[in-house]
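Asker: Take a look at target17.txt, compact mmCIF, C-alpha atoms:
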```
# COMPACT_ATOMS: atom_id res chain seq x y z
CA MET Q 533 11.02 33.17 -2.68
CA ASN Q 534 9.49 36.07 -4.60
CA ASN Q 535 8.05 38.43 -1.98
CA SER Q 536 5.57 39.83 -4.50
CA ALA Q 537 4.01 36.43 -5.09
CA PRO Q 538 0.98 35.26 -3.06
CA THR Q 539 1.90 33.51 0.19
CA PRO Q 540 1.86 29.74 -0.38
CA ARG Q 541 0.01 27.41 1.96
CA TRP Q 542 2.18 24.34 2.29
CA GLY Q 543 0.63 20.91 2.66
CA MET Q 544 1.86 17.33 2.90
CA ALA Q 545 0.37 13.86 2.64
CA LEU Q 546 2.11 10.47 2.83
CA ASP Q 547 1.14 7.33 0.94
CA LEU Q 548 2.06 4.42 3.22
CA GLU Q 549 1.42 1.93 0.44
CA ARG Q 550 4.57 3.26 -1.23
CA CYS Q 551 6.86 3.31 1.82
CA ILE Q 552 9.66 0.69 1.77
CA GLY Q 553 11.21 1.64 5.11
CA CYS Q 554 14.53 2.71 3.62
CA HIS Q 555 15.03 5.67 6.00
CA ALA Q 556 16.16 7.94 3.16
CA CYS Q 557 13.83 10.65 4.49
CA SER Q 558 15.18 10.57 8.05
CA VAL Q 559 18.80 10.40 6.91
CA ALA Q 560 18.34 13.28 4.45
CA CYS Q 561 16.63 15.31 7.17
CA LYS Q 562 19.51 14.75 9.59
CA VAL Q 563 22.09 15.78 7.01
CA GLU Q 564 20.18 18.79 5.72
CA ASN Q 565 19.32 20.18 9.14
CA SER Q 566 22.39 19.03 11.12
CA VAL Q 567 20.21 17.09 13.56
CA SER Q 568 22.33 15.75 16.41
CA LEU Q 569 22.93 12.05 17.04
CA GLY Q 570 20.11 10.46 19.02
CA HIS Q 571 17.54 13.10 18.01
CA PHE Q 572 15.10 13.26 15.13
CA ARG Q 573 13.06 15.69 13.11
CA THR Q 574 11.90 12.82 10.91
CA LYS Q 575 11.59 9.22 12.08
CA VAL Q 576 10.46 6.00 10.35
CA TYR Q 577 8.74 3.42 12.53
CA TYR Q 578 8.52 -0.32 11.86
CA TYR Q 579 5.64 -2.49 13.02
CA ASP Q 580 5.60 -6.28 12.67
CA TYR Q 581 2.23 -8.00 12.90
CA ALA Q 582 0.56 -11.34 12.28
CA ALA Q 583 -1.18 -11.63 8.92
CA THR Q 584 -2.36 -14.16 6.35
CA ASN Q 585 -0.44 -14.87 3.17
CA PRO Q 586 -2.91 -14.01 0.36
CA PHE Q 587 -1.43 -16.68 -1.95
CA ASN Q 588 -1.57 -19.75 0.28
CA GLN Q 589 -3.75 -18.49 3.15
CA LYS Q 590 -1.13 -19.50 5.71
CA PRO Q 591 -0.14 -17.42 8.75
CA THR Q 592 2.75 -15.06 8.12
CA THR Q 593 4.32 -11.91 9.46
CA ARG Q 594 4.09 -8.56 7.75
CA ARG Q 595 5.94 -5.32 8.38
CA ALA Q 596 4.42 -1.86 8.12
CA PHE Q 597 6.33 1.42 7.94
CA LEU Q 598 5.32 4.83 9.25
CA PRO Q 599 7.41 7.95 8.50
CA THR Q 600 6.70 10.68 11.04
CA LEU Q 601 7.62 14.35 11.38
CA CYS Q 602 6.06 17.52 12.77
CA MET Q 603 2.35 17.43 11.98
CA GLN Q 604 2.14 21.27 11.68
CA CYS Q 605 -1.01 21.08 13.82
CA ALA Q 606 -3.75 23.67 13.30
CA ASP Q 607 -4.33 23.61 17.08
CA ALA Q 608 -0.69 23.05 17.99
CA PRO Q 609 -0.22 22.07 21.67
CA CYS Q 610 3.42 23.17 21.52
CA LEU Q 611 2.43 26.68 20.50
CA GLU Q 612 0.04 27.00 23.41
CA ALA Q 613 2.51 25.51 25.89
CA CYS Q 614 5.48 27.74 25.05
CA PRO Q 615 5.89 30.33 27.84
CA THR Q 616 7.96 32.74 25.74
CA ASP Q 617 5.94 32.79 22.49
CA ALA Q 618 8.95 31.31 20.70
CA ILE Q 619 6.65 29.08 18.64
CA SER Q 620 4.36 30.55 16.01
CA ARG Q 621 2.44 29.56 12.91
CA GLY Q 622 3.22 31.41 9.71
CA ALA Q 623 0.72 32.52 7.10
CA ASP Q 624 2.02 29.59 5.05
CA GLY Q 625 0.77 27.12 7.67
CA ILE Q 626 4.17 26.07 9.02
CA VAL Q 627 4.76 26.01 12.78
CA ARG Q 628 8.24 27.37 13.53
CA ILE Q 629 10.47 27.93 16.54
CA ALA Q 630 12.27 31.27 16.98
CA GLU Q 631 15.58 30.24 18.51
CA SER Q 632 16.24 33.69 19.95
CA ASN Q 633 13.09 33.46 22.11
CA CYS Q 634 13.48 29.86 23.29
CA ASP Q 635 14.12 29.48 27.04
CA ARG Q 636 14.62 25.68 26.90
CA SER Q 637 11.77 25.11 29.33
CA ARG Q 638 10.83 21.88 27.50
CA ASP Q 639 7.14 22.70 27.89
CA CYS Q 640 6.73 22.33 24.13
CA ILE Q 641 8.28 18.86 24.20
CA LYS Q 642 5.94 17.74 26.97
CA ALA Q 643 2.92 19.07 25.07
CA CYS Q 644 3.66 17.45 21.69
CA PRO Q 645 1.64 14.25 21.04
CA TYR Q 646 3.91 13.25 18.17
CA GLY Q 647 7.43 13.21 19.62
CA ALA Q 648 8.40 15.90 17.14
CA ILE Q 649 10.41 18.31 19.32
CA HIS Q 650 13.77 17.97 21.04
CA ILE Q 651 16.38 20.21 22.61
CA ASP Q 652 19.38 20.50 20.31
CA PRO Q 653 22.38 19.60 22.50
CA VAL Q 654 24.66 21.98 20.60
CA ALA Q 655 22.51 25.08 20.12
CA GLN Q 656 20.60 24.41 23.37
CA VAL Q 657 17.26 25.43 21.87
CA ALA Q 658 14.13 23.54 20.92
CA ASP Q 659 14.25 22.07 17.42
CA LYS Q 660 11.76 20.38 15.08
CA CYS Q 661 10.72 19.94 11.46
CA ASP Q 662 9.69 23.13 9.67
CA PHE Q 663 9.32 21.54 6.22
CA CYS Q 664 12.93 22.66 5.54
CA SER Q 665 11.82 26.29 5.35
CA HIS Q 666 15.26 27.38 4.17
CA ARG Q 667 14.86 25.11 1.16
CA LEU Q 668 11.35 26.40 0.46
CA ASP Q 669 12.75 29.94 0.45
CA ALA Q 670 15.19 28.81 -2.24
CA GLY Q 671 12.44 27.24 -4.36
CA MET Q 672 13.36 23.67 -3.33
CA GLU Q 673 11.39 20.83 -1.78
CA PRO Q 674 11.97 19.58 1.79
CA ALA Q 675 14.88 17.15 2.01
CA CYS Q 676 12.60 14.23 2.91
CA VAL Q 677 10.44 14.79 -0.15
CA GLU Q 678 13.37 15.12 -2.52
CA SER Q 679 15.24 12.08 -1.21
CA CYS Q 680 12.37 9.57 -1.09
CA PRO Q 681 12.94 6.96 -3.84
CA ALA Q 682 9.37 5.63 -3.65
CA GLY Q 683 7.32 8.81 -4.02
CA VAL Q 684 5.77 8.51 -0.55
CA PHE Q 685 5.52 12.27 0.05
CA ALA Q 686 3.02 14.49 -1.75
CA PHE Q 687 4.04 18.06 -0.99
CA GLY Q 688 3.35 21.50 -2.35
CA ASP Q 689 1.28 24.65 -2.30
CA LEU Q 690 -2.35 23.93 -1.49
CA ASN Q 691 -3.29 27.16 -3.26
CA LEU Q 692 -2.12 25.73 -6.59
CA PRO Q 693 -4.54 23.20 -8.09
CA ASP Q 694 -1.77 21.52 -10.11
CA SER Q 695 0.69 21.11 -7.22
CA ALA Q 696 1.65 17.60 -6.13
CA ILE Q 697 -0.33 17.87 -2.89
CA SER Q 698 -3.44 19.31 -4.55
CA THR Q 699 -3.38 16.58 -7.20
CA PHE Q 700 -2.94 13.89 -4.55
CA LEU Q 701 -5.79 15.25 -2.44
CA ALA Q 702 -8.07 15.39 -5.47
CA ARG Q 703 -7.47 11.67 -6.09
CA ARG Q 704 -7.16 10.32 -2.55
CA ARG Q 705 -9.00 12.68 -0.18
CA THR Q 706 -11.54 10.07 0.96
CA GLU Q 707 -8.72 7.63 1.81
CA LEU Q 708 -6.80 9.98 4.10
CA SER Q 709 -6.62 10.18 7.87
CA VAL Q 710 -4.36 11.67 10.54
CA LEU Q 711 -2.27 10.31 13.38
CA LYS Q 712 -3.75 10.27 16.88
CA PRO Q 713 -6.96 12.16 16.07
CA GLU Q 714 -8.01 11.68 19.69
CA GLU Q 715 -5.39 14.28 20.69
CA LYS Q 716 -7.53 16.92 18.92
CA ALA Q 717 -4.45 18.83 17.75
CA LEU Q 718 -5.81 18.93 14.19
CA PRO Q 719 -2.63 17.68 12.48
CA GLN Q 720 -2.26 18.98 8.96
CA VAL Q 721 -0.02 16.18 7.67
CA GLN Q 722 -2.28 13.42 6.34
CA TYR Q 723 -1.73 9.73 5.62
CA ARG Q 724 -3.10 7.23 3.14
CA GLY Q 725 -3.06 3.66 4.42
CA LEU Q 726 -3.51 4.13 8.16
CA GLY Q 727 -5.59 1.23 9.40
CA SER Q 728 -4.99 -0.82 6.27
CA VAL Q 729 -1.41 -0.79 4.98
CA ALA Q 730 -0.22 0.12 8.49
CA PRO Q 731 -2.32 -1.08 11.46
CA ARG Q 732 -3.50 1.69 13.75
CA ALA Q 733 -1.54 -0.01 16.52
CA ILE Q 734 1.63 1.45 15.01
CA GLU Q 735 0.57 4.84 16.39
CA ARG Q 736 1.32 3.56 19.89
CA LYS Q 737 5.01 3.59 19.04
CA ILE Q 738 4.97 7.38 18.62
CA PRO Q 739 5.92 8.93 21.98
CA LYS Q 740 3.98 11.72 23.63
CA GLY Q 741 5.83 14.33 25.64
CA ARG Q 742 9.32 13.32 24.52
CA ASN Q 743 11.32 13.01 21.31
CA HIS Q 744 11.55 9.83 19.25
CA ASP Q 745 13.62 7.06 20.80
CA PRO Q 746 16.59 6.05 18.58
CA GLU Q 747 16.15 2.41 19.67
CA SER Q 748 12.42 2.09 18.92
CA TYR Q 749 12.38 -0.39 16.06
CA GLU Q 750 10.61 -3.62 15.23
CA ALA Q 751 12.10 -5.62 18.13
CA ASP Q 752 9.81 -3.96 20.65
CA THR Q 753 6.67 -5.29 18.96
CA TRP Q 754 7.94 -8.77 18.10
CA ALA Q 755 6.64 -10.19 21.39
CA GLN Q 756 3.12 -9.11 20.44
CA LEU Q 757 2.94 -11.58 17.58
CA PRO Q 758 1.14 -14.91 18.13
CA ALA Q 759 3.58 -17.75 18.72
CA ALA Q 760 2.36 -19.49 15.58
CA ALA Q 761 3.51 -16.57 13.43
CA LYS Q 762 7.00 -16.31 14.86
CA GLY Q 763 9.90 -17.64 12.86
CA ARG Q 764 7.93 -18.14 9.67
```
Can I see the file as structure tokens?

Answerer:
Amino acid sequence: MNNSAPTPRWGMALDLERCIGCHACSVACKVENSVSLGHFRTKVYYYDYAATNPFNQKPTTRRAFLPTLCMQCADAPCLEACPTDAISRGADGIVRIAESNCDRSRDCIKACPYGAIHIDPVAQVADKCDFCSHRLDAGMEPACVESCPAGVFAFGDLNLPDSAISTFLARRRTELSVLKPEEKALPQVQYRGLGSVAPRAIERKIPKGRNHDPESYEADTWAQLPAAAKGR
């Protein structure tokens, strides 16, 4: 990144109407950032729910998808909880962890409402999404953004009116919302389709105070469906 250029202010929004649940984002994130087995920086949730077929008006089952990652919260609970000031927010808006200062207290994990932080079992330090900062420094997009085949992620410099995120916000701002607003963490990653494409109930699958569970897929919500909708 050119040090003489103005500091960017990175932003991201996700269009759930485009998500096909392929997991390309989470797989690319694992490969790019060497995320250990059983841990996640990026996680895609499934949610099966009873619905009505719009063509024949009969009961059916639909599946929603929700890609999640660090929300880069403006009032980040992890930052406040860290006893060693290992977590900070850069001028570019990204919340990062300084490995050299991490004492592995897990206070940050307990404070996160979005399951975004884990202790790397190899490096033995807290780890989470930082929008692939090493790629941003090289003029590249985050791995999740680059790998998505459906164009779910709108990402870029909010200071540039023609960036992908600025263009998306200009068109869709009134349709956007955030995950778990009741946590009052002021997440900066926004979503289009929460409450419509993906029922708000899907948020309940996102753990608070621990990292994403590798076994949390659609099976754990199947029992919630009305009996009439099962097996159709």

Asker: Write out as a short mmCIF file (atom, residue, chain, number, x, y, z; two decimals) with C-alpha atoms, keeping the file's coordinate frame which residues come within 7 Å of range 678-691 of chain Q when counting only C-alpha atoms, dropping same-chain ones fewer than 5 positions away.

Answerer:
```
data_model
loop_
_atom_site.label_atom_id
_atom_site.label_comp_id
_atom_site.auth_asym_id
_atom_site.auth_seq_id
_atom_site.Cartn_x
_atom_site.Cartn_y
_atom_site.Cartn_z
CA PRO Q 540 1.86 29.74 -0.38
CA ARG Q 541 0.01 27.41 1.96
CA TRP Q 542 2.18 24.34 2.29
CA GLY Q 543 0.63 20.91 2.66
CA MET Q 544 1.86 17.33 2.90
CA ALA Q 545 0.37 13.86 2.64
CA LEU Q 546 2.11 10.47 2.83
CA ASP Q 547 1.14 7.33 0.94
CA LEU Q 548 2.06 4.42 3.22
CA ARG Q 550 4.57 3.26 -1.23
CA CYS Q 551 6.86 3.31 1.82
CA ALA Q 556 16.16 7.94 3.16
CA CYS Q 557 13.83 10.65 4.49
CA ALA Q 560 18.34 13.28 4.45
CA GLU Q 673 11.39 20.83 -1.78
CA ALA Q 696 1.65 17.60 -6.13
CA ILE Q 697 -0.33 17.87 -2.89
CA SER Q 698 -3.44 19.31 -4.55
CA PHE Q 700 -2.94 13.89 -4.55
#
```

Asker: Measure the distance from CA of Cys610 in chain Q to CA of Ile641 in chain Q in Å and round it to one decimal.

Answerer: 7.0 Å

Asker: Got a sec: who's within 8 Å of Pro731 in chain Q, counting all atoms listed in the file, leaving out chain neighbours fewer than 4 positions off, as a list in words?

Answerer: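 So the residues in contact are Ala596, Leu726 and Gly727 of chain Q.
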
Asker: Excluding same-chain residues fewer than 6 positions from Arg638 in chain Q, what lies within 9 Å of it counting only C-alpha atoms, as a compact mmCIF listing (two decimals) with C-alpha atoms, in the coordinates of the input?

Answerer:
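Okay, out15.txt is ready:
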```txt
# COMPACT_ATOMS: atom_id res chain seq x y z
CA CYS Q 614 5.48 27.74 25.05
CA ILE Q 649 10.41 18.31 19.32
CA HIS Q 650 13.77 17.97 21.04
CA ILE Q 651 16.38 20.21 22.61
CA ALA Q 658 14.13 23.54 20.92
```

Asker: Quick one: residues within 8 Å of Cys602 in chain Q, all atoms listed in the file, excluding same-chain residues fewer than 5 positions away - as an mmCIF file with C-alpha atoms, in the coordinates of the input?

Answerer:
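selection23.cif, freshly written:
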```
data_model
loop_
_atom_site.group_PDB
_atom_site.id
_atom_site.type_symbol
_atom_site.label_atom_id
_atom_site.label_comp_id
_atom_site.auth_asym_id
_atom_site.auth_seq_id
_atom_site.Cartn_x
_atom_site.Cartn_y
_atom_site.Cartn_z
ATOM 1 C CA ARG Q 573 13.060 15.690 13.110
ATOM 2 C CA THR Q 574 11.900 12.820 10.910
ATOM 3 C CA TYR Q 646 3.910 13.250 18.170
ATOM 4 C CA ALA Q 648 8.400 15.900 17.140
ATOM 5 C CA ILE Q 649 10.410 18.310 19.320
ATOM 6 C CA LYS Q 660 11.760 20.380 15.080
ATOM 7 C CA CYS Q 661 10.720 19.940 11.460
ATOM 8 C CA ASP Q 662 9.690 23.130 9.670
#
```

Asker: Using all atoms listed in the file, which of the listed residues (Q:Pro746, Q:Pro645, Q:Gly741, Q:Gly671) sits closest to Ala717 in chain Q?

Answerer: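 Smallest separation from Ala717 in chain Q among the options: Q:Pro645.
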
Asker: What does the distance between CA of Phe587 in chain Q and CA of Cys554 in chain Q come to in Å, to one decimal place?

Answerer: 25.7 Å

Asker: Using all atoms listed in the file, can you list as JSON, numbers by chain the residues within 6 Å of (5.4, 15.7, 10.8)?

Answerer: {"Q": [600, 601, 602, 603]}

Asker: Excluding Cys561 in chain Q and any residue of its chain fewer than 3 positions from it, enumerate the residues within 8 Å of it, using only C-alpha atoms, and give them as a PyMOL selection string.

Answerer: chain Q and resi 557-558+564-567+573-574+675-676

Asker: Deliver the residues from the most recent selection as a file, using C-alpha atoms, as an mmCIF file, in the frame of the given file.

Answerer:
```cif
data_model
loop_
_atom_site.group_PDB
_atom_site.id
_atom_site.type_symbol
_atom_site.label_atom_id
_atom_site.label_comp_id
_atom_site.auth_asym_id
_atom_site.auth_seq_id
_atom_site.Cartn_x
_atom_site.Cartn_y
_atom_site.Cartn_z
ATOM 1 C CA CYS Q 557 13.830 10.650 4.490
ATOM 2 C CA SER Q 558 15.180 10.570 8.050
ATOM 3 C CA GLU Q 564 20.180 18.790 5.720
ATOM 4 C CA ASN Q 565 19.320 20.180 9.140
ATOM 5 C CA SER Q 566 22.390 19.030 11.120
ATOM 6 C CA VAL Q 567 20.210 17.090 13.560
ATOM 7 C CA ARG Q 573 13.060 15.690 13.110
ATOM 8 C CA THR Q 574 11.900 12.820 10.910
ATOM 9 C CA ALA Q 675 14.880 17.150 2.010
ATOM 10 C CA CYS Q 676 12.600 14.230 2.910
#
```

Asker: For Val654 in chain Q, which of Q:Ile734, Q:Val710, Q:Ile552, Q:Leu569 is the closest residue, counting only C-alpha atoms?

Answerer: Q:Leu569

Asker: How far is it from CA of Arg628 in chain Q to CA of Cys640 in chain Q, in Å with one decimal?

Answerer: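 Going from CA of Arg628 in chain Q over to CA of Cys640 in chain Q, I get 11.8 Å.
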
Asker: I'd like to know which of Q:Ala702, Q:Cys634, Q:Ala608, Q:Ala730 is closest to Arg594 in chain Q, using all atoms listed in the file.

Answerer: Q:Ala730

Asker: Please reconstruct the missing atoms of range 725-747 of chain Q (target: N, CA, C and O atoms) and return them as a compact mmCIF listing (two decimals), keeping the file's coordinate frame.

Answerer:
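Written file, part_26.txt:
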```txt
# COMPACT_ATOMS: atom_id res chain seq x y z
N GLY Q 725 -3.46 5.01 4.04
CA GLY Q 725 -3.06 3.66 4.42
C GLY Q 725 -3.06 3.39 5.91
O GLY Q 725 -2.79 2.26 6.32
N LEU Q 726 -3.39 4.37 6.73
CA LEU Q 726 -3.51 4.13 8.16
C LEU Q 726 -4.73 3.24 8.42
O LEU Q 726 -5.83 3.55 7.97
N GLY Q 727 -4.49 2.15 9.13
CA GLY Q 727 -5.59 1.23 9.40
C GLY Q 727 -5.72 0.14 8.37
O GLY Q 727 -6.51 -0.79 8.56
N SER Q 728 -4.96 0.23 7.29
CA SER Q 728 -4.99 -0.82 6.27
C SER Q 728 -3.57 -1.28 5.96
O SER Q 728 -3.15 -2.36 6.38
N VAL Q 729 -2.81 -0.46 5.26
CA VAL Q 729 -1.41 -0.79 4.98
C VAL Q 729 -0.62 -0.86 6.29
O VAL Q 729 0.20 -1.76 6.50
N ALA Q 730 -0.85 0.09 7.17
CA ALA Q 730 -0.22 0.12 8.49
C ALA Q 730 -1.31 0.04 9.55
O ALA Q 730 -2.17 0.91 9.60
N PRO Q 731 -1.31 -0.99 10.40
CA PRO Q 731 -2.32 -1.08 11.46
C PRO Q 731 -2.28 0.15 12.36
O PRO Q 731 -1.22 0.72 12.61
N ARG Q 732 -3.43 0.54 12.85
CA ARG Q 732 -3.50 1.69 13.75
C ARG Q 732 -2.64 1.50 15.00
O ARG Q 732 -2.23 2.47 15.63
N ALA Q 733 -2.36 0.27 15.34
CA ALA Q 733 -1.54 -0.01 16.52
C ALA Q 733 -0.15 0.60 16.41
O ALA Q 733 0.51 0.83 17.42
N ILE Q 734 0.30 0.87 15.19
CA ILE Q 734 1.63 1.45 15.01
C ILE Q 734 1.73 2.83 15.64
O ILE Q 734 2.81 3.28 16.02
N GLU Q 735 0.58 3.50 15.78
CA GLU Q 735 0.57 4.84 16.39
C GLU Q 735 1.07 4.82 17.83
O GLU Q 735 1.59 5.81 18.33
N ARG Q 736 0.91 3.66 18.49
CA ARG Q 736 1.32 3.56 19.89
C ARG Q 736 2.84 3.66 20.05
O ARG Q 736 3.33 3.88 21.16
N LYS Q 737 3.55 3.49 18.97
CA LYS Q 737 5.01 3.59 19.04
C LYS Q 737 5.48 5.04 19.05
O LYS Q 737 6.62 5.33 19.39
N ILE Q 738 4.60 5.97 18.67
CA ILE Q 738 4.97 7.38 18.62
C ILE Q 738 4.86 7.96 20.03
O ILE Q 738 3.78 7.96 20.62
N PRO Q 739 5.96 8.45 20.59
CA PRO Q 739 5.92 8.93 21.98
C PRO Q 739 5.17 10.25 22.12
O PRO Q 739 5.12 11.05 21.19
N LYS Q 740 4.61 10.45 23.28
CA LYS Q 740 3.98 11.72 23.63
C LYS Q 740 4.78 12.36 24.75
O LYS Q 740 5.12 11.70 25.74
N GLY Q 741 5.12 13.62 24.59
CA GLY Q 741 5.83 14.33 25.64
C GLY Q 741 7.32 14.13 25.66
O GLY Q 741 8.00 14.57 26.59
N ARG Q 742 7.87 13.48 24.65
CA ARG Q 742 9.32 13.32 24.52
C ARG Q 742 9.64 13.05 23.06
O ARG Q 742 8.77 12.67 22.29
N ASN Q 743 10.91 13.22 22.70
CA ASN Q 743 11.32 13.01 21.31
C ASN Q 743 11.41 11.52 21.00
O ASN Q 743 11.47 10.68 21.90
N HIS Q 744 11.45 11.21 19.71
CA HIS Q 744 11.55 9.83 19.25
C HIS Q 744 12.76 9.12 19.85
O HIS Q 744 13.85 9.68 19.94
N ASP Q 745 12.56 7.88 20.23
CA ASP Q 745 13.62 7.06 20.80
C ASP Q 745 14.45 6.44 19.67
O ASP Q 745 13.89 5.78 18.79
N PRO Q 746 15.77 6.61 19.66
CA PRO Q 746 16.59 6.05 18.58
C PRO Q 746 16.58 4.53 18.54
O PRO Q 746 16.97 3.92 17.54
N GLU Q 747 16.15 3.86 19.64
CA GLU Q 747 16.15 2.41 19.67
C GLU Q 747 14.76 1.80 19.46
O GLU Q 747 14.57 0.60 19.64
```
